[in-house]
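A.B. asks: Encoded as structure tokens, here's the structure I'll be asking about.
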Protein chains: 4
Amino acid sequence: MGYRSYAMAQQPRWLAEYISSLSFDKEICPYVLDVLAVHVRELERRGFIKSSEKLLKLIENFDCTKNYEGYEDIHEAIEYYLISASEEAKQINLGKSRNDQVATAIRLRTREEILDALEALYHFIKALYVKAKRYRETFFPTFTHLQPAQPGSAGLYFSSFAEELVDSFPLLVTALKLTDKCPLGAAAAAGSTVPLGREERCSELCFEDLALNALYATTSRAFALASASALLALSLPLTRFAEDMFIFSSPSFGLVKVPEDHAGTSSIMPHKRNPATLEVARAELSKLIGILTFQHALLKGLPSGYSLDLQQMTPSLWRAFSIFRKAALVLADFTEKLELDEAKAREFLRFPLQAADLAERLAVRGVPFRDAYARVARELKKTQDVNEIALKILGEPLGDPLLSRRAPGAPGNLEPVFEKIYEGIERILFVLQLRYKYQNCPNS
Amino acid sequence: MGYRSYAMAQQPRWLAEYISSLSFDKEICPYVLDVLAVHVRELERRGFIKSSEKLLKLIENFDCTKNYEGYEDIHEAIEYYLISASEEAKQINLGKSRNDQVATAIRLRTREEILDALEALYHFIKALYVKAKRYRETFFPTFTHLQPAQPGSAGLYFSSFAEELVDSFPLLVTALKLTDKCPLGAAAAAGSTVPLGREERCSELCFEDLALNALYATTSRAFALASASALLALSLPLTRFAEDMFIFSSPSFGLVKVPEDHAGTSSIMPHKRNPATLEVARAELSKLIGILTFQHALLKGLPSGYSLDLQQMTPSLWRAFSIFRKAALVLADFTEKLELDEAKAREFLRFPLQAADLAERLAVRGVPFRDAYARVARELKKTQDVNEIALKILGEPLGDPLLSRRAPGAPGNLEPVFEKIYEGIERILFVLQLRYKYQNCPNS
Amino acid sequence: MGYRSYAMAQQPRWLAEYISSLSFDKEICPYVLDVLAVHVRELERRGFIKSSEKLLKLIENFDCTKNYEGYEDIHEAIEYYLISASEEAKQINLGKSRNDQVATAIRLRTREEILDALEALYHFIKALYVKAKRYRETFFPTFTHLQPAQPGSAGLYFSSFAEELVDSFPLLVTALKLTDKCPLGAAAAAGSTVPLGREERCSELCFEDLALNALYATTSRAFALASASALLALSLPLTRFAEDMFIFSSPSFGLVKVPEDHAGTSSIMPHKRNPATLEVARAELSKLIGILTFQHALLKGLPSGYSLDLQQMTPSLWRAFSIFRKAALVLADFTEKLELDEAKAREFLRFPLQAADLAERLAVRGVPFRDAYARVARELKKTQDVNEIALKILGEPLGDPLLSRRAPGAPGNLEPVFEKIYEGIERILFVLQLRYKYQNCPNS
Amino acid sequence: MGYRSYAMAQQPRWLAEYISSLSFDKEICPYVLDVLAVHVRELERRGFIKSSEKLLKLIENFDCTKNYEGYEDIHEAIEYYLISASEEAKQINLGKSRNDQVATAIRLRTREEILDALEALYHFIKALYVKAKRYRETFFPTFTHLQPAQPGSAGLYFSSFAEELVDSFPLLVTALKLTDKCPLGAAAAAGSTVPLGREERCSELCFEDLALNALYATTSRAFALASASALLALSLPLTRFAEDMFIFSSPSFGLVKVPEDHAGTSSIMPHKRNPATLEVARAELSKLIGILTFQHALLKGLPSGYSLDLQQMTPSLWRAFSIFRKAALVLADFTEKLELDEAKAREFLRFPLQAADLAERLAVRGVPFRDAYARVARELKKTQDVNEIALKILGEPLGDPLLSRRAPGAPGNLEPVFEKIYEGIERILFVLQLRYKYQNCPNS
């Protein structure tokens with residue numbers, strides 16, 4: 001390697017590699033080039049370079065996928081490449097620093113990652129929604145404490161996750177808003193003395209707003225933590241769904257058949273069909289709390305101003321997005337392809353799921369509820385057949401276990417849930433339209 | 001204890017205590033009573049009890065601070081107390097369960113805690129804002145890698161935290177929106193067969209919306225995780241500020257004098273004045289990641305439907321709010337009372353903070369920036385006095401280190417930062433007006 | 001409060017309370033008194049006080065349970081109390097500091113807590129061992145991926161946890177060795193100029209060894225992290241056992257009956273019997289990773305030398321010990337009282353648990369194993385009855401599913417496992433004899 | 001791909017890749033081959049294959065570095081490769097399963113990783129030891145609360161970390177003992193019906209002991225958690241050292257000069273020399289708590305018996321070892337090359353570090369210590385020059401700040417610390433001799 005722009009050449013190789021970020025700079029390289037492009041145009045507008053044309057072409061042609069071993073980071077590699085081809089590139093770091101450049105590039109990628117996560121979520125919510133509507137009247141037990149509890153429907157079951165996700169996705173939108181603020185122009189920590197426009201460059205990158213204060217702009221990684229936290233919160237319904245399916249597909253429950261595409265086998269037990277993708281999704285999603293814990297441990301104790309520690313932060317963020325996105329798509333596919341065993345579900349009616357219903361019926365007829373409860377409890381010691389008890393003490397059978405639950409959000413009245421989910425899906429699709437905006441950035 | 005409503009009396013005491021939630025039910029007791037009050041009024045409206053008057057009075061008089069040892073939880077204690085005084089109370093659990101009742105009470109308290117957290121944040125932001133404006137032209141070094149970096153101002157320094165918090169507080173508002181959804185009426189897991197209004201009871205509790213799906217409403221603790229995550233993300237600027245002050249008040253830096261009220265002493269070293277409150281705040285805030293990790297570990301692996309595990313969740317949430325609120329108030333007070341040592345700050349100009357400025361000046365005059373950088377680097381090997389170098393190679397001194405940085409958000413142009421912070425404070429105050437709404441809930 | 005030894009009286013109350021450790025100093029108060037007693041005797045031996053008698057009596061009579069509000073910490077309260085009663089007490093902090101005193105007291109308590117944890121573990125291991133021996137020949141399915149896997153026995157099942165714990169308990173013993181090193185005499189950070197014996201005081205406190213280096217002795221909390229980590233690692237079999245029981249006691253599995261003492265009820269569903277203590281134990285044990293994460297976050301970023309942050313460390317450690325101890329005892333009691341449903345267990349033989357056995361039989365007879373596997377897999381598509389297949393292709397039934405597995409550690413050969421567990425129990429009991437040593441400390 | 005041993009060919013590619021462990025199986029591939037080799041020899045001894053010779057040669061020649069895309073995991077790839085070359089390989093999975101095979105391979109690698117970690121630790125301890133001895137009489141301030149505290153020496157400083165590590169390294173040795181137990185022969189979960197020796201195969205792999213119980217042997221990952229926990233506990237002194245160096249090398253402290261090899265530069269500030277490797281080491285070590293948190297989250301909620309989740313566990317373990325090893329080596333190199341600024345260190349004597357010494361001198365002369373403390377505190381309000389105060393109230397100067405601290409472990413008496421560290425180093429070297437044993441495994 002010939003010319004070294006600023007890094008020190010004399011470092012032993014193993015130490016140079018230890019501090020190098022090259023191996024993960026690839027992840028932000030295209031965004032770094034975008035930042036450079038708008039910066040070059042601003043340098044031209046302000047007269048600090050004569051013409052941006054050649055530099056812009058060089059930037060466009062820089063190959064992010066190549067191996068730039070020997071450089072401290074991608075920024076040095078790009079600068080060296082540009083200067084080799086054009087003397088004018090020596091101006092390229094005028095009025096900005098790696099600190100604001102990298103913070104800007106990370107935010108550019110993060111806002112796209114957020115959209116990708118939302119899109120994967122959309123697929124999972126839609127799959128749940130379709131399943132919930134299809135099975136809206138199919139009996140499906142509810143459990144509390146993993147014990148059969150009240151009578152439910154598969155519609156209730158699937159839409160419970162969809163509503164939770166529809167209520168929770170704004171966490172990602174808030175993270176997006178926090179991310180969509182431009183640090184470019186903050187330089188190392190306190191801005192530059194060179195008169196360059198911040199708004200001009202930032203609006204070309206389609207940022208909604210500026211991260212104004214130069215020290216804040218270069219120090220803060222709050223936007224990254226907000227994303228990681230949002231993914232973690234949104235992962236909980238995913239994990240719970242995987243857990244449920246893992247249990248419900250165990251032959252003892254037998255409520256759900258694992259789709260062929262999602263099953264694994266055993267190397268010595270010819271009879272096994274394991275819920276393999278569920279297990280991997282569950283395990284992968286466990287990494288999110290590890291990532292958030294790491295990110296917090298990393299940031300804890302750091303003083304204001306950029307420290308090299310921060311360069312270890314973002315690879316974990318990209319991993320978090322990838323984990324979430326893949327798990328959501330896998331679970332969406334699982335949901336689409338799963339089949340219920342409706343007969344097995346109905347077998348759960350052998351448990352006294354309607355015991356509370358019976359107590360309620362007695363109470364509606366005038367027996368104080370707590371007495372009714374005690375009465376039913378006593379009868380249950382003799383038989384677990386609630387309908388038999390109903391006949392005995394009500395003189396009539398209990399009604400349909402689903403239709404008799406008519407409050408909004410109960411199995412007999414899921415319409416408002418479906419409407420809410422539908423509206424939620426529409427809101428997600430609306431946010432996803434930001435893609436068209438980002439795709440044309442930098443604008444020229 | 002005489003009458004037992006539903007719990008089992010025969011449990012050995014140590015096991016009964018192990019599963020009892022009584023010790024932390026106090027934290028939600030007033031909210032449980034609010035839920036009961038609206039439920040009783042609905043029971044009356046629907047004709048399931050004759051009159052709510054006596055029950056409402058009894059509920060109002062229930063003493064949450066008393067010791068109810070021997071009961072499984074506060075719900076049982078309240079029911080027993082009410083039934084002892086009025087036979088009609090036996091109806092009180094008609095059409096609801098502990099599962100939806102407790103979920104509702106927790107959300108009621110959480111939305112108030114969020115406002116309290118925002119209020120504490122407001123105090124800290126305001127203190128930072130006042131300090132930043134007062135010291136807007138006071139020289140204060142910036143650091144990167146804890147090495148003196150560029151020239152800054154105390155205005156830049158203090159407002160950097162304020163802007164970060166103003167950008168980040170919407171995380172709490174989003175958590176509030178996710179929390180402000182009413183589970184009441186979801187019963188154990190699948191709603192009730194008793195025709196009671198969900199909207200009626202929920203709107204009396206001033207909820208913005210319903211958590212509709214009964215299984216979602218009783219299972220999900222996403223709202224709690226969202227709060228804990230938001231507090232964690234917001235704690236990072238607080239921790240960093242405490243860290244900075246800890247370092248800056250060390251005599252080697254000497255930039256900040258620890259206010260008398262915040263200093264600690266040594267039992268054997270008469271000369272010590274330790275930044276005691278900062279250290280405690282920093283340590284306390286470290287608990288937030290512990291809490292979030294616990295909450296995630298708790299929820300991981302739980303299937304759908306209420307499990308008793310969930311009862312261990314909320315005490316940690318109240319702790320998170322308390323930790324955050326106190327730390328924010330302590331740091332606000334610290335900020336108000338701290339004094340800068342302006343002379344010590346100016347001493348940092350002995351370091352070549354303006355080295356980049358000089359390279360920029362050369363570049364503006366036509367020396368390609370990377371060459372200018374190399375030139376300055378060479379000169380710095382002879383002297384660290386940048387002004388001396390400037391005289392030599394520019395023929396004139398460098399300008400004012402602050403005023404020469406004029407981009408928005410740089411030390412010479414903080415006005416836009418101040419405006420943004422001011423607007424942020426106004427937005428927080430606007431959210432805080434929700435207090436008046438919540439204080440009148442339940443409405444009767 | 002009259003005389004103040006060293007703390008500052010002028011602090012506003014809320015800030016004084018914020019930095020006060022009084023609320024959790026109670027936990028180490030008796031140990032602080034032990035440290036003072038040996039220190040006083042050394043002061044007498046070296047002639048720095050005339051007689052230790054009165055002071056020792058005063059120390060003995062100090063009431064750790066009283067409320068000492070207004071003092072910064074228990075150390076100040078004790079000093080004030082002693083000085084009020086005896087002028088000679090003004091010497092009591094000669095040659096030591098709060099820093100080494102508190103580090104010593106914490107280690108004294110920690111080594112006792114470790115023994116308590118080991119004792120609780122002993123009870124759980126013993127209960128598992130008894131159950132394993134009693135049910136050694138009882139059929140009990142094994143699961144992989146929660147799918148029925150190979151034929152096992154309840155003896156195999158229960159002893160699997162016991163062996164894991166017997167292999168793992170040395171983690172606590174190593175933590176004990178790391179803890180059992182005495183910091184007393186290290187003073188604030190660099191020792192004292194007063195000629196006092198370290199060995200003398202430390203051996204009176206029955207420490208195995210010294211934490212020699214004064215800076216290490218006052219700074220390091222490695223011993224606490226080692227304990228918290230050991231508890232976390234040991235908690236995993238406990239959590240897994242609780243999880244298994246939670247699933248196995250669900251009626252769909254029905255393998256285990258939750259003992260009456262451990263069951264919870266529902267407020268509206270009269271039929272419910274929830275595995276309440278298991279759920280609480282599982283939830284409580286989830287706090288351990290939260291505690292370790294907090295402890296690490298707390299320590300991360302702290303420089304050498306005592307900081308007040310450290311005072312927040314130990315309350316979490318006592319909590320970790322308490323959580324572990326209670327959970328182990330609860331699970332021991334659960335194990336003792338649980339009953340298996342042997343008929344339900346045998347029903348699992350309807351699944352082809354012996355499919356691999358059949359393939360192995362074919363392979364032993366000369367069919368290459370992978371071909372045998374494929375053959376059995378094909379047959380299983382026609383019938384799930386492995387014995388039917390065996391009759392068809394072997395011409396004879398498969399043997400006893402347990403006795404045919406004869407390798408050490410397999411269901412047909414558990415004797416070596418039992419022996420290993422028995423020896424492990426003996427080793428734990430041996431360690432527990434340290435109690436007698438510690439109980440007589442300080443020796444006088 | 002032609003022959004498929006057991007995995008299902010029909011899975012869509014993206015799902016097959018999702019559950020595939022191929023990308024990280026490379027990490028254990030050589031150990032899997034070792035396991036297969038001993039298994040093949042046992043099959044021959046028992047007569048289940050005619051000759052092991054050809055198979056052993058094939059196993060030896062298997063290329064672990066090749067890309068085996070299309071296979072579910074390395075086990076399937078190896079089996080396919082062997083069977084393609086020799087029909088006899090169809091027997092190779094007789095009497096074992098992937099579950100025990102992979103558990104064995106992981107333990108084989110883990111025990112080597114532990115030795116590597118110990119070796120890296122040895123280098124760091126040695127570097128600290130050498131520095132401590134060289135600078136044993138060099139004045140170096142101690143700090144508490146980052147405030148100058150008592151007089152210390154660089155010998156005290158460097159040996160404080162060395163002693164902590166010497167006291168703590170047994171955590172890794174205990175993890176090694178827990179790891180060094182052989183699961184081979186446990187098969188899927190409950191052993192095999194094929195009469196193969198477990199001891200024979202395990203002793204050829206040089207295991208110390210068996211993980212006997214087949215369910216324990218295949219389920220437990222306690223050994224992995226024990227390693228991760230030990231690394232975390234041992235990382236704390238490393239992180240603290242990096243933190244100290246980060247602060248001490250800041251020009252405001254100026255105590256330590258960052259070695260040229262470890263410094264980084266700025267892209268726009270020509271004067272910067274940042275402690276780059278320290279920052280990266282500090283950041284990397286923060287990943288350890290993230291890894292442990294993930295591992296715990298992964299395991300939490302898993303029932304007994306292998307689940308696919310477990311396959312995500314070990315890659316994180318290898319990462320933990322690599323992070324620790326590299327950081328220890330980097331810090332060892334930093335320690336070897338660092339230089340102290342002894343003049344800067346002595347400048348700290350301008351702070352009243354000997355204030356406590358003075359109070360002690362007064363107390364030794366008969367002024368009760370608490371009164372002496374108060375007296376010195378009063379004088380310090382007039383001057384910070386402790387020697388001036390000493391002359392005034394003692395009539396003579398204070399003695400040498402180091403030599404006057406003579407207790408073992410104080411700056412004037414470090415010999416016992418050095419001896420302890422020396423012995424610790426010898427003990428580590430003794431453990432490292434296990435390498436020779438492991439290198440010859442499997443024995444044939």
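Residues in the structure tokens are numbered from 1 in each chain, the chains being A, B, ... in the order shown, and ligands are numbered from 1 in the order shown.
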With a cut-off of 6 Å and counting only C-alpha atoms, select all residues of chain D in contact with chain A and give the selection as an MDAnalysis selection string.
C.D. replies: chainID D and resid 11 19 97 261 268 277 279:280 283 286:287 290:291 293:294 297:298 308:309
A.B. asks: Please produce a file of the residues just selected, as a CSV table (one decimal), in the first residue's frame, where the atoms kept are N, CA and C atoms.
C.D. replies:
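Contents of out.csv, freshly written:
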```csv
chain,number,residue,atom,x,y,z
D,11,GLN,N,-37.2,-29.6,1.6
D,11,GLN,CA,-37.4,-28.3,2.2
D,11,GLN,C,-36.9,-27.1,1.3
D,19,ILE,N,-32.3,-23.6,9.3
D,19,ILE,CA,-32.1,-24.5,10.4
D,19,ILE,C,-30.7,-25.2,10.3
D,97,SER,N,-25.7,-41.1,18.6
D,97,SER,CA,-26.7,-40.1,18.0
D,97,SER,C,-25.9,-38.8,17.8
D,261,ASP,N,2.5,1.7,19.3
D,261,ASP,CA,1.8,0.5,18.6
D,261,ASP,C,0.3,0.5,18.9
D,268,ILE,N,-9.1,14.3,11.0
D,268,ILE,CA,-9.0,15.7,10.8
D,268,ILE,C,-8.2,16.5,11.9
D,277,THR,N,-6.3,0.7,21.0
D,277,THR,CA,-6.5,-0.7,21.3
D,277,THR,C,-7.2,-0.9,22.7
D,279,GLU,N,-9.5,1.0,23.8
D,279,GLU,CA,-11.0,1.2,23.5
D,279,GLU,C,-11.6,0.0,22.9
D,280,VAL,N,-10.9,-0.6,22.0
D,280,VAL,CA,-11.4,-1.8,21.3
D,280,VAL,C,-11.5,-3.0,22.3
D,283,ALA,N,-14.4,-2.4,24.6
D,283,ALA,CA,-15.7,-2.6,23.8
D,283,ALA,C,-15.9,-4.1,23.6
D,286,SER,N,-17.1,-6.0,26.6
D,286,SER,CA,-18.5,-5.8,26.9
D,286,SER,C,-19.4,-6.8,26.2
D,287,LYS,N,-18.9,-7.5,25.2
D,287,LYS,CA,-19.7,-8.5,24.6
D,287,LYS,C,-19.9,-9.7,25.5
D,290,GLY,N,-23.2,-9.8,27.1
D,290,GLY,CA,-24.2,-10.0,26.1
D,290,GLY,C,-24.3,-11.5,25.8
D,291,ILE,N,-23.2,-12.1,25.7
D,291,ILE,CA,-23.1,-13.5,25.4
D,291,ILE,C,-23.8,-14.4,26.5
D,293,THR,N,-25.9,-13.4,28.7
D,293,THR,CA,-27.3,-13.1,28.8
D,293,THR,C,-28.0,-13.8,27.7
D,294,PHE,N,-27.5,-13.8,26.5
D,294,PHE,CA,-28.1,-14.6,25.4
D,294,PHE,C,-28.2,-16.1,25.8
D,297,ALA,N,-30.9,-16.6,28.2
D,297,ALA,CA,-32.2,-16.5,27.6
D,297,ALA,C,-32.5,-17.7,26.7
D,298,LEU,N,-31.5,-18.2,26.0
D,298,LEU,CA,-31.7,-19.3,25.1
D,298,LEU,C,-32.2,-20.5,25.9
D,308,LEU,N,-33.3,-28.1,19.2
D,308,LEU,CA,-32.4,-27.5,18.2
D,308,LEU,C,-31.8,-26.2,18.7
D,309,ASP,N,-32.5,-25.6,19.6
D,309,ASP,CA,-32.1,-24.3,20.2
D,309,ASP,C,-30.6,-24.4,20.6
```
A.B. asks: Based on DSSP run over this structure's backbone, return all residues of region 80-300 of chain B in alpha helix (DSSP H), as a PyMOL selection string.
C.D. replies: chain B and resi 80-85+98-134+154-168+170-179+198-204+214-219+222-248+276-285+287-299
A.B. asks: For Tyr135 (chain D), please output as a short mmCIF file (atom, residue, chain, number, x, y, z; two decimals) with all heavy atoms, in the first residue's frame all residues within 10 Å (counting only C-alpha atoms; exclusion window: fewer than 2 positions along the same chain).
C.D. replies:
```
data_model
loop_
_atom_site.label_atom_id
_atom_site.label_comp_id
_atom_site.auth_asym_id
_atom_site.auth_seq_id
_atom_site.Cartn_x
_atom_site.Cartn_y
_atom_site.Cartn_z
N TYR D 129 3.29 -8.40 36.29
CA TYR D 129 4.26 -8.78 37.33
C TYR D 129 5.62 -8.12 37.06
O TYR D 129 6.23 -7.51 37.96
CB TYR D 129 4.37 -10.30 37.32
CG TYR D 129 5.37 -10.90 38.27
CD1 TYR D 129 5.16 -10.86 39.65
CD2 TYR D 129 6.51 -11.54 37.79
CE1 TYR D 129 6.08 -11.44 40.52
CE2 TYR D 129 7.43 -12.13 38.65
CZ TYR D 129 7.20 -12.07 40.01
OH TYR D 129 8.10 -12.64 40.88
N VAL D 130 6.04 -8.20 35.82
CA VAL D 130 7.33 -7.60 35.45
C VAL D 130 7.30 -6.09 35.68
O VAL D 130 8.21 -5.51 36.26
CB VAL D 130 7.65 -7.93 33.97
CG1 VAL D 130 8.81 -7.08 33.46
CG2 VAL D 130 7.95 -9.41 33.82
N LYS D 131 6.21 -5.47 35.26
CA LYS D 131 6.08 -4.02 35.44
C LYS D 131 6.04 -3.67 36.93
O LYS D 131 6.64 -2.68 37.36
CB LYS D 131 4.79 -3.56 34.76
CG LYS D 131 4.93 -2.30 33.95
CD LYS D 131 5.79 -2.52 32.75
CE LYS D 131 5.93 -1.30 31.88
NZ LYS D 131 6.72 -1.61 30.68
N ALA D 132 5.32 -4.46 37.69
CA ALA D 132 5.20 -4.17 39.13
C ALA D 132 6.54 -4.26 39.82
O ALA D 132 6.88 -3.44 40.68
CB ALA D 132 4.20 -5.15 39.76
N LYS D 133 7.32 -5.27 39.44
CA LYS D 133 8.63 -5.42 40.08
C LYS D 133 9.57 -4.29 39.66
O LYS D 133 10.30 -3.74 40.47
CB LYS D 133 9.23 -6.79 39.74
CG LYS D 133 8.45 -7.93 40.38
CD LYS D 133 9.26 -9.20 40.46
CE LYS D 133 10.18 -9.20 41.64
NZ LYS D 133 10.71 -10.53 41.97
N GLU D 137 9.23 0.74 43.46
CA GLU D 137 9.46 1.88 44.35
C GLU D 137 9.09 3.21 43.71
O GLU D 137 9.37 4.27 44.24
CB GLU D 137 10.92 1.89 44.81
CG GLU D 137 11.19 0.82 45.85
CD GLU D 137 12.67 0.51 46.00
OE1 GLU D 137 13.49 1.37 45.65
OE2 GLU D 137 12.98 -0.59 46.47
N THR D 138 8.45 3.15 42.55
CA THR D 138 8.07 4.38 41.85
C THR D 138 6.77 4.92 42.41
O THR D 138 5.76 4.21 42.46
CB THR D 138 7.89 4.08 40.35
OG1 THR D 138 9.11 3.53 39.86
CG2 THR D 138 7.53 5.35 39.60
N PHE D 139 6.81 6.18 42.81
CA PHE D 139 5.59 6.77 43.36
C PHE D 139 4.49 6.80 42.30
O PHE D 139 4.72 7.15 41.14
CB PHE D 139 5.86 8.21 43.84
CG PHE D 139 4.61 8.85 44.35
CD1 PHE D 139 4.17 8.59 45.65
CD2 PHE D 139 3.83 9.65 43.53
CE1 PHE D 139 2.98 9.15 46.11
CE2 PHE D 139 2.65 10.20 43.98
CZ PHE D 139 2.23 9.95 45.27
N PHE D 140 3.28 6.46 42.72
CA PHE D 140 2.12 6.45 41.83
C PHE D 140 0.90 6.66 42.72
O PHE D 140 0.71 5.91 43.68
CB PHE D 140 2.04 5.09 41.12
CG PHE D 140 1.23 5.08 39.85
CD1 PHE D 140 1.77 5.57 38.65
CD2 PHE D 140 -0.06 4.58 39.84
CE1 PHE D 140 1.03 5.53 37.47
CE2 PHE D 140 -0.80 4.55 38.66
CZ PHE D 140 -0.26 5.03 37.47
N SER D 153 2.39 3.12 44.97
CA SER D 153 3.51 2.93 44.05
C SER D 153 3.00 2.26 42.80
O SER D 153 1.93 1.64 42.80
CB SER D 153 4.57 2.05 44.70
OG SER D 153 4.06 0.74 44.88
N ALA D 154 3.77 2.40 41.74
CA ALA D 154 3.39 1.70 40.52
C ALA D 154 3.45 0.20 40.74
O ALA D 154 2.70 -0.56 40.13
CB ALA D 154 4.30 2.12 39.37
N GLY D 155 4.32 -0.23 41.66
CA GLY D 155 4.36 -1.65 42.02
C GLY D 155 3.04 -2.09 42.62
O GLY D 155 2.49 -3.15 42.27
N LEU D 156 2.50 -1.27 43.52
CA LEU D 156 1.19 -1.57 44.09
C LEU D 156 0.15 -1.62 42.99
O LEU D 156 -0.69 -2.53 42.95
CB LEU D 156 0.81 -0.47 45.10
CG LEU D 156 -0.57 -0.64 45.74
CD1 LEU D 156 -0.52 -1.68 46.86
CD2 LEU D 156 -1.12 0.68 46.27
N TYR D 157 0.21 -0.63 42.11
CA TYR D 157 -0.81 -0.53 41.07
C TYR D 157 -0.82 -1.76 40.18
O TYR D 157 -1.85 -2.44 40.04
CB TYR D 157 -0.60 0.74 40.24
CG TYR D 157 -1.65 0.83 39.17
CD1 TYR D 157 -2.95 1.17 39.51
CD2 TYR D 157 -1.38 0.48 37.86
CE1 TYR D 157 -3.95 1.19 38.55
CE2 TYR D 157 -2.37 0.49 36.89
CZ TYR D 157 -3.65 0.84 37.25
OH TYR D 157 -4.65 0.84 36.31
N PHE D 158 0.30 -2.08 39.57
CA PHE D 158 0.29 -3.19 38.60
C PHE D 158 0.05 -4.54 39.27
O PHE D 158 -0.62 -5.41 38.72
CB PHE D 158 1.60 -3.21 37.80
CG PHE D 158 1.73 -2.07 36.85
CD1 PHE D 158 2.65 -1.05 37.05
CD2 PHE D 158 0.88 -1.98 35.75
CE1 PHE D 158 2.75 0.02 36.18
CE2 PHE D 158 0.97 -0.91 34.86
CZ PHE D 158 1.91 0.10 35.08
N LEU D 340 5.66 4.96 32.08
CA LEU D 340 5.08 5.86 33.08
C LEU D 340 5.75 7.22 32.97
O LEU D 340 6.92 7.32 32.64
CB LEU D 340 5.31 5.31 34.48
CG LEU D 340 4.67 3.97 34.78
CD1 LEU D 340 4.92 3.62 36.25
CD2 LEU D 340 3.18 4.02 34.49
N GLU D 342 6.97 9.48 35.39
CA GLU D 342 7.18 9.49 36.83
C GLU D 342 7.10 10.90 37.41
O GLU D 342 6.66 11.09 38.55
CB GLU D 342 8.52 8.83 37.17
CG GLU D 342 8.59 7.40 36.62
CD GLU D 342 9.84 6.63 37.05
OE1 GLU D 342 10.42 6.97 38.10
OE2 GLU D 342 10.21 5.68 36.33
#
```
A.B. asks: With only C-alpha atoms as the counted atoms, please give the residues lying no more than 8 Å from Ala328 (chain C), apart from itself and same-chain residues fewer than 3 positions off, as number ranges by chain.
C.D. replies: C: 120-121, 123-124, 238, 324-325, 331-332
A.B. asks: Using DSSP on the backbone coordinates, identify all residues within region 46-218 of chain D classified as strand (DSSP E or B); present the result as a PyMOL selection string.
C.D. replies: chain D and resi 139-144+147-153+181-182+209-210
A.B. asks: Contacts of His271 (chain D) at 8 Å or less, counting only C-alpha atoms, minus same-chain residues fewer than 3 places along, as an NGL selection string?
C.D. replies: (:B and (352-353 or 355 or 377 or 380)) or (:D and (266))
A.B. asks: Based on the selection just made, write C-alpha atoms of those residues as a PDB file, in the first residue's frame.
C.D. replies:
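File written: selection.pdb
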```
ATOM      1  CA  PRO B 352      -3.631  22.060  20.130  1.00  0.00           C
ATOM      2  CA  LEU B 353      -7.431  22.013  19.989  1.00  0.00           C
ATOM      3  CA  ALA B 355      -5.046  22.094  14.927  1.00  0.00           C
ATOM      4  CA  ALA B 377       1.001  17.448  11.797  1.00  0.00           C
ATOM      5  CA  LEU B 380       3.042  19.990  15.776  1.00  0.00           C
TER       6      LEU B 380
ATOM      7  CA  SER D 266      -7.800  11.329  13.850  1.00  0.00           C
TER       8      SER D 266
END
```
A.B. asks: Leaving out region 21-33 of chain A and any residue of its chain fewer than 3 positions from it, which residues lie within 7 Å of it when counting only C-alpha atoms, given as a PyMOL selection string?
C.D. replies: chain A and resi 36-37+59+64-65+72-74+101-102+105-106+108-109+315
